[in-house]
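This is data.csv (CSV, C-alpha atoms).
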```csv
chain,number,residue,atom,x,y,z
A,441,MET,CA,43.4,13.3,-12.6
A,442,LYS,CA,44.1,17.0,-12.6
A,443,THR,CA,41.1,19.3,-12.3
A,444,PHE,CA,41.2,23.1,-12.6
A,445,TYR,CA,38.6,25.5,-11.2
A,446,LYS,CA,38.5,29.0,-12.7
A,447,ALA,CA,37.2,31.7,-10.4
A,448,LYS,CA,36.8,35.5,-10.3
A,449,LYS,CA,38.6,35.5,-6.9
A,450,ILE,CA,40.5,32.9,-4.9
A,451,ILE,CA,40.9,33.9,-1.3
A,452,LEU,CA,44.3,32.9,0.1
A,453,SER,CA,45.5,33.4,3.7
A,454,ASP,CA,47.2,36.7,3.0
A,455,SER,CA,46.0,37.8,-0.5
A,456,VAL,CA,43.4,37.3,-3.2
A,457,VAL,CA,44.1,35.9,-6.7
A,458,GLU,CA,41.9,37.6,-9.3
A,459,ASP,CA,40.8,35.7,-12.3
A,460,GLY,CA,42.8,32.6,-11.3
A,461,TYR,CA,42.8,28.9,-11.4
A,462,LEU,CA,42.8,26.4,-8.5
A,463,GLY,CA,44.4,23.1,-9.5
A,464,VAL,CA,43.4,19.9,-7.7
A,465,GLU,CA,44.9,16.4,-8.1
A,466,ASP,CA,44.3,13.3,-5.9
A,467,GLY,CA,42.3,15.4,-3.4
A,468,LYS,CA,45.1,17.9,-2.8
A,469,ILE,CA,45.7,21.4,-4.0
A,470,LEU,CA,48.2,21.2,-6.9
A,471,SER,CA,48.5,24.9,-7.7
A,472,ILE,CA,47.0,28.3,-7.6
A,473,ALA,CA,47.8,30.4,-10.6
A,474,LYS,CA,46.7,33.1,-13.0
A,475,SER,CA,46.9,30.8,-16.1
A,476,LEU,CA,46.4,27.2,-17.0
A,477,PRO,CA,49.2,24.7,-18.0
A,478,SER,CA,49.0,24.0,-21.7
A,479,ASP,CA,48.0,20.4,-21.3
A,480,THR,CA,44.9,20.9,-19.2
A,481,HIS,CA,41.4,22.3,-19.5
A,482,VAL,CA,38.9,23.8,-17.0
A,483,VAL,CA,36.5,21.2,-15.7
A,484,ASP,CA,34.5,23.6,-13.5
A,485,ASP,CA,34.1,27.2,-14.5
A,486,TYR,CA,33.2,29.5,-11.6
A,487,SER,CA,34.6,32.6,-13.4
A,488,ASP,CA,32.0,34.9,-11.8
A,489,LYS,CA,32.3,33.3,-8.3
A,490,VAL,CA,34.7,33.2,-5.4
A,491,LEU,CA,36.7,30.2,-4.1
A,492,ALA,CA,37.4,30.2,-0.4
A,493,PRO,CA,38.9,27.7,2.1
A,494,GLY,CA,36.4,25.3,3.7
A,495,TYR,CA,35.1,26.7,7.0
A,496,ILE,CA,36.1,25.2,10.4
A,497,ASP,CA,33.6,25.2,13.3
A,498,THR,CA,35.6,24.9,16.5
A,499,HIS,CA,32.5,25.3,18.8
A,500,ILE,CA,29.5,23.3,17.8
A,501,HIS,CA,27.4,21.0,20.1
A,502,GLY,CA,24.8,19.6,17.8
A,503,LEU,CA,23.0,19.5,14.5
A,504,LYS,CA,20.2,17.7,12.7
A,505,SER,CA,18.5,16.6,16.0
A,506,TYR,CA,21.7,15.1,17.4
A,507,ASP,CA,24.1,16.3,20.1
A,508,VAL,CA,27.7,15.4,20.9
A,509,MET,CA,26.6,14.5,24.4
A,510,ASP,CA,24.3,11.8,23.0
A,511,ILE,CA,27.5,9.7,22.8
A,512,ASP,CA,26.0,8.2,19.6
A,513,LEU,CA,28.4,7.4,16.7
A,514,GLU,CA,25.6,7.3,14.2
A,515,GLY,CA,24.4,10.7,15.3
A,516,MET,CA,27.9,12.0,15.0
A,517,LYS,CA,27.9,10.8,11.4
A,518,VAL,CA,24.6,12.6,10.7
A,519,MET,CA,26.0,15.8,12.2
A,520,SER,CA,29.3,15.6,10.3
A,521,GLU,CA,27.6,15.0,6.9
A,522,GLY,CA,25.1,17.9,7.6
A,523,LEU,CA,28.0,20.3,8.1
A,524,PHE,CA,28.7,20.4,4.4
A,525,GLU,CA,25.5,22.4,4.0
A,526,ALA,CA,27.1,25.1,6.1
A,527,GLY,CA,30.4,25.2,4.2
A,528,VAL,CA,32.1,23.4,7.1
A,529,THR,CA,34.8,20.9,6.1
A,530,SER,CA,36.5,20.5,9.5
A,531,TRP,CA,35.1,20.7,13.0
A,532,LEU,CA,35.6,20.2,16.7
A,533,PRO,CA,32.7,18.3,18.3
A,534,THR,CA,31.9,20.3,21.5
A,535,THR,CA,30.7,19.0,24.8
A,536,LEU,CA,28.6,20.6,27.6
A,537,THR,CA,29.3,20.7,31.3
A,538,ASP,CA,28.5,17.1,32.4
A,539,SER,CA,29.8,14.4,34.7
A,540,PHE,CA,33.4,13.2,34.5
A,541,GLU,CA,32.2,9.8,33.3
A,542,ASN,CA,30.0,11.1,30.4
A,543,LEU,CA,32.8,13.4,29.2
A,544,ASP,CA,35.2,10.6,29.3
A,545,ALA,CA,32.8,8.5,27.3
A,546,VAL,CA,32.7,11.2,24.6
A,547,CYS,CA,36.5,11.2,24.5
A,548,ARG,CA,36.6,7.5,24.1
A,549,MET,CA,33.9,7.4,21.3
A,550,ILE,CA,35.6,10.1,19.3
A,551,GLY,CA,39.1,8.9,20.0
A,552,ASP,CA,38.4,5.4,19.0
A,553,HIS,CA,36.1,6.1,16.0
A,554,HIS,CA,36.9,9.6,14.5
A,555,ASP,CA,38.2,8.0,11.3
A,556,GLU,CA,34.8,6.3,10.8
A,557,ILE,CA,32.6,9.4,11.2
A,558,GLY,CA,33.1,10.7,7.7
A,559,GLY,CA,31.6,14.0,6.5
A,560,ALA,CA,33.4,17.1,7.7
A,561,LYS,CA,36.7,16.1,9.2
A,562,VAL,CA,36.9,15.7,13.0
A,563,LYS,CA,40.1,17.7,13.9
A,564,GLY,CA,39.7,17.6,17.7
A,565,ILE,CA,37.3,18.0,20.6
A,566,PHE,CA,36.4,21.1,22.5
A,567,PHE,CA,35.3,20.8,26.1
A,568,GLU,CA,33.0,23.7,27.1
A,569,GLY,CA,33.3,23.2,30.8
A,570,PRO,CA,32.9,21.8,33.4
A,571,ALA,CA,35.1,24.2,35.4
A,572,PHE,CA,32.6,27.2,35.2
A,573,THR,CA,30.8,29.4,37.8
A,574,GLU,CA,27.1,29.7,38.2
A,575,GLU,CA,26.7,33.4,37.9
A,576,HIS,CA,27.0,33.2,34.1
A,577,LYS,CA,26.0,29.6,33.6
A,578,GLY,CA,23.9,30.2,30.6
A,579,ALA,CA,22.6,26.8,29.5
A,580,GLN,CA,25.3,24.9,31.3
A,581,ASN,CA,24.2,22.7,34.2
A,582,PRO,CA,25.6,24.0,37.5
A,583,LYS,CA,25.3,20.6,39.3
A,584,TYR,CA,28.3,19.3,37.3
A,585,MET,CA,30.5,22.4,37.8
A,586,GLU,CA,33.8,21.9,39.6
A,587,ASP,CA,37.3,23.3,40.1
A,588,PRO,CA,39.6,22.3,37.2
A,589,SER,CA,41.3,18.9,37.8
A,590,THR,CA,44.6,18.0,36.2
A,591,GLU,CA,43.8,14.4,36.9
A,592,HIS,CA,40.6,14.6,35.0
A,593,LEU,CA,42.2,16.4,32.1
A,594,ALA,CA,45.0,13.9,31.8
A,595,LYS,CA,42.4,11.1,31.6
A,596,TRP,CA,40.3,12.9,29.0
A,597,VAL,CA,43.4,13.5,26.8
A,598,GLU,CA,44.4,9.9,27.1
A,599,SER,CA,40.8,8.6,26.3
A,600,SER,CA,40.6,11.0,23.3
A,601,LYS,CA,43.9,9.7,22.0
A,602,GLY,CA,45.2,13.3,22.0
A,603,LEU,CA,42.1,14.8,20.2
A,604,LEU,CA,41.1,17.0,23.1
A,605,LYS,CA,42.3,20.3,21.6
A,606,LYS,CA,40.6,23.0,23.7
A,607,ILE,CA,38.9,23.4,27.1
A,608,ALA,CA,36.9,26.4,28.5
A,609,ILE,CA,37.2,27.3,32.1
A,610,ALA,CA,36.2,30.2,34.4
A,611,PRO,CA,39.4,31.9,35.6
A,612,GLU,CA,38.2,32.6,39.1
A,613,ARG,CA,38.1,28.9,40.0
A,614,ASP,CA,40.8,27.4,42.3
A,615,ASN,CA,44.1,26.1,40.9
A,616,VAL,CA,43.6,27.8,37.5
A,617,GLU,CA,47.2,28.9,36.8
A,618,GLU,CA,48.6,25.5,37.6
A,619,TYR,CA,45.8,23.8,35.5
A,620,ILE,CA,46.5,26.0,32.5
A,621,ALA,CA,50.2,25.3,32.6
A,622,PHE,CA,49.5,21.6,32.8
A,623,ALA,CA,47.0,21.8,29.9
A,624,ASN,CA,49.5,23.5,27.8
A,625,THR,CA,52.1,20.7,28.3
A,626,LEU,CA,49.4,18.3,26.9
A,627,GLY,CA,48.8,20.5,23.9
A,628,VAL,CA,45.4,21.6,25.1
A,629,HIS,CA,44.4,25.2,24.5
A,630,VAL,CA,42.6,26.9,27.4
A,631,THR,CA,39.9,29.5,26.7
A,632,LEU,CA,38.0,31.5,29.3
A,633,GLY,CA,34.2,31.7,29.6
A,634,HIS,CA,31.0,31.2,31.7
A,635,SER,CA,32.6,33.4,34.3
A,636,ASN,CA,32.0,36.3,36.6
A,637,ALA,CA,35.7,37.0,36.9
A,638,GLU,CA,37.2,40.4,37.3
A,639,TYR,CA,39.7,41.7,34.7
A,640,ALA,CA,42.7,40.8,37.0
A,641,ASP,CA,41.6,37.1,37.1
A,642,ALA,CA,41.4,36.9,33.4
A,643,GLU,CA,44.7,38.6,33.0
A,644,LYS,CA,46.4,36.1,35.4
A,645,ALA,CA,44.9,33.2,33.4
A,646,VAL,CA,46.2,34.6,30.1
A,647,LYS,CA,49.7,35.2,31.6
A,648,ALA,CA,49.6,31.5,32.7
A,649,GLY,CA,48.9,30.4,29.1
A,650,ALA,CA,45.2,30.7,28.4
A,651,ASP,CA,44.8,32.0,24.8
A,652,GLY,CA,41.1,32.7,24.1
A,653,PHE,CA,37.7,33.8,25.2
A,654,CYS,CA,34.6,31.6,24.7
A,655,HIS,CA,31.7,33.3,22.8
A,656,THR,CA,32.9,36.8,23.7
A,657,TYR,CA,30.2,38.9,25.5
A,658,ASN,CA,28.0,35.9,26.2
A,659,GLY,CA,28.3,34.1,29.6
A,660,MET,CA,30.8,36.6,31.1
A,661,SER,CA,31.1,39.6,33.3
A,662,GLY,CA,30.6,42.8,31.2
A,663,LEU,CA,32.7,45.8,30.5
A,664,HIS,CA,32.6,48.7,33.0
A,665,HIS,CA,34.9,51.6,32.9
A,666,ARG,CA,36.1,50.9,36.5
A,667,GLU,CA,36.0,47.1,36.3
A,668,PRO,CA,36.7,45.9,32.7
A,669,GLY,CA,35.6,42.4,33.6
A,670,MET,CA,35.9,39.4,31.2
A,671,VAL,CA,34.6,41.4,28.2
A,672,GLY,CA,37.3,44.1,28.8
A,673,ALA,CA,39.9,41.3,29.0
A,674,ALA,CA,38.7,39.7,25.8
A,675,LEU,CA,38.9,43.0,23.9
A,676,SER,CA,42.2,44.3,25.3
A,677,LEU,CA,44.6,41.6,26.3
A,678,ASP,CA,47.3,40.7,23.8
A,679,ASP,CA,47.6,37.6,21.7
A,680,VAL,CA,44.3,36.0,22.6
A,681,TRP,CA,41.5,34.7,20.4
A,682,ALA,CA,37.9,36.0,20.7
A,683,GLU,CA,35.0,33.8,19.6
A,684,LEU,CA,32.0,35.5,18.3
A,685,ILE,CA,28.5,34.1,17.6
A,686,CYS,CA,27.2,36.3,14.8
A,687,ASP,CA,23.6,35.3,14.5
A,688,GLY,CA,22.2,38.7,15.4
A,689,TYR,CA,20.8,37.3,18.7
A,690,HIS,CA,23.9,36.7,20.8
A,691,VAL,CA,25.7,39.8,19.9
A,692,HIS,CA,24.5,43.1,18.4
A,693,PRO,CA,26.2,43.9,15.1
A,694,ALA,CA,27.7,47.0,16.6
A,695,ALA,CA,29.2,45.0,19.5
A,696,ALA,CA,30.6,42.5,16.9
A,697,LYS,CA,32.1,45.5,15.1
A,698,VAL,CA,33.7,46.6,18.4
A,699,ALA,CA,35.2,43.2,19.0
A,700,ILE,CA,36.6,43.0,15.4
A,701,LYS,CA,38.1,46.5,15.7
A,702,ALA,CA,39.6,45.8,19.1
A,703,ARG,CA,41.0,42.4,18.4
A,704,GLY,CA,41.7,42.7,14.7
A,705,VAL,CA,40.4,40.4,12.0
A,706,ASP,CA,43.3,38.1,12.6
A,707,ARG,CA,42.2,37.3,16.2
A,708,VAL,CA,38.5,36.8,15.9
A,709,VAL,CA,37.0,33.3,15.5
A,710,LEU,CA,33.5,33.0,14.1
A,711,VAL,CA,31.7,30.1,15.8
A,712,THR,CA,28.1,28.8,15.8
A,713,ASP,CA,27.6,27.2,19.3
A,714,SER,CA,24.9,25.3,17.4
A,715,MET,CA,22.8,22.8,19.4
A,716,ARG,CA,20.8,19.8,18.2
A,717,ALA,CA,18.0,22.0,16.7
A,718,GLY,CA,20.4,23.4,14.1
A,719,GLY,CA,19.0,22.7,10.7
A,720,MET,CA,15.7,21.5,12.1
A,721,GLY,CA,13.6,24.7,12.0
A,722,ASP,CA,11.5,26.2,14.9
A,723,GLY,CA,10.0,24.0,17.6
A,724,PRO,CA,10.8,22.2,20.9
A,725,SER,CA,14.2,20.8,21.5
A,726,LYS,CA,16.7,19.9,24.2
A,727,LEU,CA,20.1,21.1,25.3
A,728,GLY,CA,21.6,18.6,27.7
A,729,GLU,CA,19.0,18.1,30.4
A,730,PHE,CA,17.2,21.3,29.6
A,731,ASP,CA,14.1,22.0,27.5
A,732,VAL,CA,14.5,24.5,24.7
A,733,ILE,CA,12.2,26.3,22.4
A,734,VAL,CA,13.4,27.5,19.0
A,735,LYS,CA,11.5,30.4,17.6
A,736,ASP,CA,12.4,32.8,14.8
A,737,GLY,CA,15.9,31.3,14.5
A,738,ALA,CA,16.8,31.7,18.2
A,739,ALA,CA,17.1,28.8,20.7
A,740,ARG,CA,16.1,29.7,24.3
A,741,LEU,CA,15.6,27.8,27.5
A,742,LYS,CA,11.9,27.0,28.0
A,743,ASP,CA,11.9,28.0,31.7
A,744,SER,CA,13.9,31.2,31.6
A,745,GLY,CA,14.1,32.4,28.1
A,746,SER,CA,17.9,32.6,28.2
A,747,LEU,CA,19.7,31.8,25.0
A,748,ALA,CA,20.6,28.1,24.8
A,749,GLY,CA,23.3,27.8,22.1
A,750,SER,CA,22.2,28.7,18.6
A,751,VAL,CA,20.9,27.2,15.4
A,752,LEU,CA,23.4,29.3,13.4
A,753,GLN,CA,25.2,27.8,10.4
A,754,LEU,CA,28.8,29.1,9.9
A,755,LYS,CA,28.0,30.1,6.3
A,756,ASN,CA,25.4,32.5,7.7
A,757,ALA,CA,27.8,33.9,10.2
A,758,VAL,CA,30.1,34.8,7.3
A,759,LYS,CA,27.3,36.3,5.3
A,760,ASN,CA,26.0,38.2,8.3
A,761,VAL,CA,29.2,40.1,9.1
A,762,VAL,CA,29.5,41.0,5.4
A,763,SER,CA,25.9,42.2,5.2
A,764,TRP,CA,26.3,44.1,8.5
A,765,GLY,CA,29.1,46.0,6.8
A,766,ILE,CA,31.6,45.2,9.6
A,767,ALA,CA,34.0,42.9,7.5
A,768,SER,CA,34.9,42.3,3.9
A,769,LEU,CA,34.2,38.9,2.5
A,770,GLU,CA,38.0,38.1,2.6
A,771,ASP,CA,38.1,39.0,6.3
A,772,ALA,CA,34.9,37.2,7.1
A,773,VAL,CA,36.3,34.0,5.4
A,774,ARG,CA,39.5,34.3,7.4
A,775,MET,CA,37.5,34.5,10.6
A,776,ALA,CA,35.7,31.2,9.7
A,777,SER,CA,38.7,29.3,8.3
A,778,LEU,CA,42.3,30.3,9.0
A,779,ASN,CA,41.7,31.8,12.4
A,780,PRO,CA,39.8,28.8,13.8
A,781,ALA,CA,42.6,26.5,12.6
A,782,GLN,CA,45.3,28.7,14.1
A,783,SER,CA,43.4,29.0,17.4
A,784,VAL,CA,43.7,25.3,18.0
A,785,GLY,CA,47.0,24.6,16.3
A,786,ILE,CA,45.7,22.7,13.2
A,787,ASP,CA,46.6,25.3,10.6
A,788,ASP,CA,49.3,23.0,9.2
A,789,GLU,CA,46.4,20.7,8.2
A,790,CYS,CA,43.5,23.0,7.2
A,791,GLY,CA,42.2,26.5,7.1
A,792,LYS,CA,43.8,27.8,3.9
A,793,LEU,CA,44.1,27.3,0.2
A,794,ALA,CA,47.7,26.4,-0.4
A,795,GLU,CA,49.7,23.9,-2.4
A,796,GLY,CA,49.8,20.5,-0.7
A,797,TYR,CA,46.8,21.1,1.5
A,798,ASP,CA,43.6,19.1,1.2
A,799,ALA,CA,41.3,20.5,-1.5
A,800,ASP,CA,38.6,21.6,1.0
A,801,PHE,CA,37.0,24.7,-0.4
A,802,ASN,CA,33.8,26.6,-0.9
A,803,VAL,CA,32.2,28.3,-3.9
A,804,LEU,CA,30.7,31.7,-2.9
A,805,GLU,CA,28.9,34.6,-4.3
A,806,GLU,CA,30.6,37.9,-3.5
A,807,ASN,CA,28.0,38.6,-0.7
A,808,GLY,CA,29.2,35.4,1.0
A,809,GLU,CA,26.2,33.2,-0.1
A,810,LEU,CA,27.4,29.5,-0.2
A,811,LEU,CA,26.9,27.8,-3.5
A,812,ALA,CA,28.9,24.6,-3.1
A,813,THR,CA,31.2,22.8,-0.7
A,814,PHE,CA,34.1,20.6,-1.8
A,815,GLN,CA,36.1,18.2,0.3
A,816,ASP,CA,39.3,16.5,-1.0
A,817,GLY,CA,38.3,17.8,-4.4
A,818,GLU,CA,34.8,16.2,-4.4
A,819,LYS,CA,31.7,18.2,-4.4
A,820,LYS,CA,29.8,17.4,-1.2
A,821,PHE,CA,27.0,20.1,-1.3
A,822,GLU,CA,25.5,22.3,-3.9
A,823,ALA,CA,22.8,24.9,-3.2
```
Any chance you could give the structure as structure tokens?
Amino acid sequence: MKTFYKAKKIILSDSVVEDGYLGVEDGKILSIAKSLPSDTHVVDDYSDKVLAPGYIDTHIHGLKSYDVMDIDLEGMKVMSEGLFEAGVTSWLPTTLTDSFENLDAVCRMIGDHHDEIGGAKVKGIFFEGPAFTEEHKGAQNPKYMEDPSTEHLAKWVESSKGLLKKIAIAPERDNVEEYIAFANTLGVHVTLGHSNAEYADAEKAVKAGADGFCHTYNGMSGLHHREPGMVGAALSLDDVWAELICDGYHVHPAAAKVAIKARGVDRVVLVTDSMRAGGMGDGPSKLGEFDVIVKDGAARLKDSGSLAGSVLQLKNAVKNVVSWGIASLEDAVRMASLNPAQSVGIDDECGKLAEGYDADFNVLEENGELLATFQDGEKKFEA
């Protein structure tokens, strides 16, 4: 059955179609056009709304009281279904720094059962750690930190059945350049974070093949005019991706603007770094082995007050950068859809509205407010 959706705007990867029609058949995008075929009629009329690609969260630990490190298939299903409320139609379950055995168990669970999870589509796994350094540990557990091991990485890739797409490391650890080259041969993207590295360390890692920075500004050495540090590298090195957590707590709107201006809207990836308290409101929670208190929309470690992930939803990250006046809706959508897909090499599967792609799309107000989420042409959430 062919279904056509009329919209005021349809956001494509490189343009916007005004007053157009998105055609869907058998869960795929059939066409994007300014007029309807003569033998069809509009089933859903969003003529005063915006259609945008479904969002992709490439850095998310937990949601709805569950965490990826629970190694709980039923919990994964709850998380994945809950992501529709955030406009997310694809995601990368994200781990914390933990033991080799626990990380391998996550890989085996997702590798063996990702097709059973349902909800937002699992497009890979992101390992945040364990090759970090303690100076900027954030809410990562230093007792599991280690130098990067090619042997461990090879096993994790095997256990995940190739779903391990990205891993974050600190570039000042030992054997980093060899490790990055090896990761690239396995199709694993290396991003840099939780690090006190100098600029030169980060530059060497990027020259070796690292291609991104984990939650830019957070958990890394800052920018100084005589030592640019990790932040300076994230803002200035060529052809790298810069994650941003735009919840208003992790990064000041002006700092987010600096990153977007420095990197360009085609190289910034909006992420949530959400932990298990996401979608649960204020109150006590846990991140890994640490107690967390969520108050006024910020998650902080109980003992130190340091930020401990977030409770941000990706739909609100999009809305925030628009309301802060630092990005247009079209650019904000790109940073939450196409850029995340490109950053982990899945843009041939998702991240854009184009003929032949899965009909995964969001219905938005012009201020970025999410009204509905569709996956494979079926409405999965309505505000």
Close residues, A:Lys474 itself excluded, 12 Å, only C-alpha atoms, min 2 positions apart in chain, as a ChimeraX atom specification
/A:444-450,456-463,471-472,476-477
With a distance cut-off of 10 Å and all atoms listed in the file, select the neighbouring residues of stretch 669-675 of chain A, excluding the residue or stretch itself and same-chain residues fewer than 5 positions from it, and output the selection as an MDAnalysis selection string.
chainID A and resid 610:611 632:643 646 651:664 680:683 698:704
Would you put the residues from that selection into a file with C-alpha atoms, as a PDB file, in the coordinates of the input?
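For reference, result19.pdb as written:
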```
ATOM      1  CA  ALA A 610      36.200  30.200  34.400  1.00  0.00           C
ATOM      2  CA  PRO A 611      39.400  31.900  35.600  1.00  0.00           C
ATOM      3  CA  LEU A 632      38.000  31.500  29.300  1.00  0.00           C
ATOM      4  CA  GLY A 633      34.200  31.700  29.600  1.00  0.00           C
ATOM      5  CA  HIS A 634      31.000  31.200  31.700  1.00  0.00           C
ATOM      6  CA  SER A 635      32.600  33.400  34.300  1.00  0.00           C
ATOM      7  CA  ASN A 636      32.000  36.300  36.600  1.00  0.00           C
ATOM      8  CA  ALA A 637      35.700  37.000  36.900  1.00  0.00           C
ATOM      9  CA  GLU A 638      37.200  40.400  37.300  1.00  0.00           C
ATOM     10  CA  TYR A 639      39.700  41.700  34.700  1.00  0.00           C
ATOM     11  CA  ALA A 640      42.700  40.800  37.000  1.00  0.00           C
ATOM     12  CA  ASP A 641      41.600  37.100  37.100  1.00  0.00           C
ATOM     13  CA  ALA A 642      41.400  36.900  33.400  1.00  0.00           C
ATOM     14  CA  GLU A 643      44.700  38.600  33.000  1.00  0.00           C
ATOM     15  CA  VAL A 646      46.200  34.600  30.100  1.00  0.00           C
ATOM     16  CA  ASP A 651      44.800  32.000  24.800  1.00  0.00           C
ATOM     17  CA  GLY A 652      41.100  32.700  24.100  1.00  0.00           C
ATOM     18  CA  PHE A 653      37.700  33.800  25.200  1.00  0.00           C
ATOM     19  CA  CYS A 654      34.600  31.600  24.700  1.00  0.00           C
ATOM     20  CA  HIS A 655      31.700  33.300  22.800  1.00  0.00           C
ATOM     21  CA  THR A 656      32.900  36.800  23.700  1.00  0.00           C
ATOM     22  CA  TYR A 657      30.200  38.900  25.500  1.00  0.00           C
ATOM     23  CA  ASN A 658      28.000  35.900  26.200  1.00  0.00           C
ATOM     24  CA  GLY A 659      28.300  34.100  29.600  1.00  0.00           C
ATOM     25  CA  MET A 660      30.800  36.600  31.100  1.00  0.00           C
ATOM     26  CA  SER A 661      31.100  39.600  33.300  1.00  0.00           C
ATOM     27  CA  GLY A 662      30.600  42.800  31.200  1.00  0.00           C
ATOM     28  CA  LEU A 663      32.700  45.800  30.500  1.00  0.00           C
ATOM     29  CA  HIS A 664      32.600  48.700  33.000  1.00  0.00           C
ATOM     30  CA  VAL A 680      44.300  36.000  22.600  1.00  0.00           C
ATOM     31  CA  TRP A 681      41.500  34.700  20.400  1.00  0.00           C
ATOM     32  CA  ALA A 682      37.900  36.000  20.700  1.00  0.00           C
ATOM     33  CA  GLU A 683      35.000  33.800  19.600  1.00  0.00           C
ATOM     34  CA  VAL A 698      33.700  46.600  18.400  1.00  0.00           C
ATOM     35  CA  ALA A 699      35.200  43.200  19.000  1.00  0.00           C
ATOM     36  CA  ILE A 700      36.600  43.000  15.400  1.00  0.00           C
ATOM     37  CA  LYS A 701      38.100  46.500  15.700  1.00  0.00           C
ATOM     38  CA  ALA A 702      39.600  45.800  19.100  1.00  0.00           C
ATOM     39  CA  ARG A 703      41.000  42.400  18.400  1.00  0.00           C
ATOM     40  CA  GLY A 704      41.700  42.700  14.700  1.00  0.00           C
TER      41      GLY A 704
END
```
Could you tell me which of A:Phe821, A:Tyr689, A:Phe801, A:Trp531 comes closest to A:Ile557 if we count all atoms listed in the file?
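Checking each of A:Phe821, A:Tyr689, A:Phe801, A:Trp531 against A:Ile557, counting all atoms listed in the file, the winner is A:Trp531.
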Counting all atoms listed in the file, which residue out of A:Val464, A:Leu769, A:Ala579, A:Ile685 sits closest to A:Asp731?
A:Ala579
Can you work out which one of A:Ala799, A:Leu536, A:Leu804, A:Val628 has the shortest atom-to-atom distance to A:Gly467, counting all atoms listed in the file?
A:Ala799
Distance criterion (all atoms listed in the file): nearest to A:Ala473 out of A:Glu795, A:Glu617, A:Ala695, A:Asp722:
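So, comparing all the options, the nearest one is A:Glu795.
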I'd like to know which of A:His481, A:Lys644, A:Arg613, A:His501 is closest to A:Thr573, using all atoms listed in the file.
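That would be A:Arg613, the residue with the smallest distance to A:Thr573.
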Between A:Glu770, A:Asp787, A:Glu612, A:Asp538, which residue has the minimum interatomic distance to A:Glu729, considering all atoms listed in the file?
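So, comparing all the options, the nearest one is A:Asp538.
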For A:Met549, work out the shell of residues within 12 Å, counting all atoms listed in the file and skipping chain neighbours fewer than 5 positions away, then give it as a PyMOL selection string.
chain A and resi 508-516+533+542-544+554-557+565+596+599-601+603
Length of the atom CA of A:Ser539 to atom CA of A:Glu618 vector [Å]:
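Between these atoms lies a distance of 22.0 Å.
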Excluding same-chain residues fewer than 4 positions from A:Leu778, what lies within 10 Å of it counting all atoms listed in the file, as a list in words?
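Using all atoms listed in the file, the neighbours found are Leu452, Ser453, Pro493, Gly494, Tyr495, Ile496, Asp706, Val709, Val773, Arg774, Gln782, Ser783, Ile786, Asp787, Cys790, Gly791, Lys792 and Leu793 of chain A.
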For the point (20.6, 22.5, 10.1) in the file's frame, write as an NGL selection string all residues with an atom no more than 7 Å away, counting all atoms listed in the file.
:A and (503-504 or 522 or 718-720)
Separation of atom CA of A:Asp743 and atom CA of A:Gly721, in Å?
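Separating atom CA of A:Asp743 from atom CA of A:Gly721 is a distance of 20.0 Å.
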For stretch 716-728 of chain A, take all atoms listed in the file, fit an axis-aligned box around them, add 8 Å to each of the six sides, then output centre and edge lengths in Å rounded to one decimal, as lines of an AutoDock Vina configuration file.
```
center_x = 15.8
center_y = 22.4
center_z = 19.2
size_x = 27.6
size_y = 23.6
size_z = 33.0
```
Pick out the residues sitting within 9 Å of A:Leu810, and hand them over as a list in words; count only C-alpha atoms, and ignore anything fewer than 2 positions along from it in its own chain.
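Those residues are Glu525, Ala526, Gly527, Lys755, Asn756, Lys759, Asn802, Val803, Leu804, Glu805, Gly808, Ala812, Thr813, Glu822 and Ala823 of chain A.
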Could you dump the residues just selected with C-alpha atoms as a PDB file, keeping the file's coordinate frame?
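File again17.pdb, as written:
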```
ATOM      1  CA  GLU A 525      25.500  22.400   4.000  1.00  0.00           C
ATOM      2  CA  ALA A 526      27.100  25.100   6.100  1.00  0.00           C
ATOM      3  CA  GLY A 527      30.400  25.200   4.200  1.00  0.00           C
ATOM      4  CA  LYS A 755      28.000  30.100   6.300  1.00  0.00           C
ATOM      5  CA  ASN A 756      25.400  32.500   7.700  1.00  0.00           C
ATOM      6  CA  LYS A 759      27.300  36.300   5.300  1.00  0.00           C
ATOM      7  CA  ASN A 802      33.800  26.600  -0.900  1.00  0.00           C
ATOM      8  CA  VAL A 803      32.200  28.300  -3.900  1.00  0.00           C
ATOM      9  CA  LEU A 804      30.700  31.700  -2.900  1.00  0.00           C
ATOM     10  CA  GLU A 805      28.900  34.600  -4.300  1.00  0.00           C
ATOM     11  CA  GLY A 808      29.200  35.400   1.000  1.00  0.00           C
ATOM     12  CA  ALA A 812      28.900  24.600  -3.100  1.00  0.00           C
ATOM     13  CA  THR A 813      31.200  22.800  -0.700  1.00  0.00           C
ATOM     14  CA  GLU A 822      25.500  22.300  -3.900  1.00  0.00           C
ATOM     15  CA  ALA A 823      22.800  24.900  -3.200  1.00  0.00           C
TER      16      ALA A 823
END
```
Interatomic distance (Å, one decimal) between atom CA of A:Leu470 and atom CA of A:Met441
10.9 Å
